[in-house]
Each structure stands twice: as C-alpha cells, then as structure tokens.
Amino acid sequence: MLTGHYPELIQCDKIYHTNNNRTWCSTRNIRMTALPKGPKPKLSTYEKRKQRGEYAERNHIEERIGNAKQALSLNQIKAKLQGTSETWIAVTLFVLNLSVFAAHSGVTF
C-alpha cells in the first residue's frame, strides 16, 4: 500500500491461494489470479482473454525474477542481518531496473 490504496489485482503463486488470503482480498475488492473454488465458471470470451493476459503478465514477471536470481546472483545473498539482506536485494533489483531502462532507451554499457 505504498501509494495509499490497494491494487486492483494481485498476481501470486498458487501457494498463496489460501482461504485467508482469498477473504482478505475479497473484503478489499482485490482480484487474485487464483482459480475460484467450486465448479468451473462459464466465462465469456472477453473474460477468458483478460484472464489469459493476466497470467501471461505474471509469467513475464516470474521470468524477470528468475533472471535476477541467476544473472545478478540474487539467490547467493548470504548477509547475516535482515536489514543488510534487504539492502542487498533492493540494490540488486535497482540494478535490474537500470539495465531494463537502459535497454529500452538504447544505452549500452
């Protein structure tokens, strides 16, 4: 809630599709990329396309995280203190964002 309001959509792994998380999100009018419980709902073509797009966006995000883990050694952080670990992660993601920005603006380094 960095911007003062909750997001419209949360794209999360299946492990987070718990009843507690579903109720928390539904009370705040937040959608999740979780399949609803019970029988499969009949979706219109628009809803299917929208759902497919949300999953594709989530896959793209997961791909970037995987690249950060391998290329930027995000999974090799061995700091002892929580604050130090969080700082390392923040700096690594900052560098990742800089490289993406540089690639989109045509800058090479």
# chains A, B, ... in the order shown; residues from 1 in each chain; ligands from 1
call {"tool": "select_by_dssp", "arguments": {"residues": "chain A", "states": "helix (DSSP H, G or I)", "output": "NGL selection string"}}
result
:A and (14-16 or 19-27 or 45-71 or 74-76 or 82-105)
call {"tool": "select_by_dssp", "arguments": {"residues": "chain A", "states": "strand (DSSP E or B)", "output": "list in words"}}
result
Leu9, Ile10, Arg31 and Met32 of chain A
call {"tool": "closest_residue", "arguments": {"among": "A:Val100, A:Pro7, A:Ser85, A:Lys80", "to": "A:Asn67", "atoms": "only C-alpha atoms"}}
result
A:Val100
call {"tool": "closest_residue", "arguments": {"among": "A:Met32, A:Ala102, A:Ile77, A:Ala56", "to": "A:Ala90", "atoms": "only C-alpha atoms"}}
result
A:Ile77
call {"tool": "closest_residue", "arguments": {"among": "A:Val107, A:Thr33, A:Arg64, A:Gln70", "to": "A:Lys50", "atoms": "only C-alpha atoms"}}
result
A:Thr33
call {"tool": "closest_residue", "arguments": {"among": "A:Glu57, A:Leu96, A:Glu47, A:Leu81", "to": "A:Lys69", "atoms": "only C-alpha atoms"}}
result
A:Leu96
call {"tool": "atom_distance", "arguments": {"atom1": "atom CA of A:Glu8", "atom2": "atom CA of A:Lys40"}}
result
22.5 Å
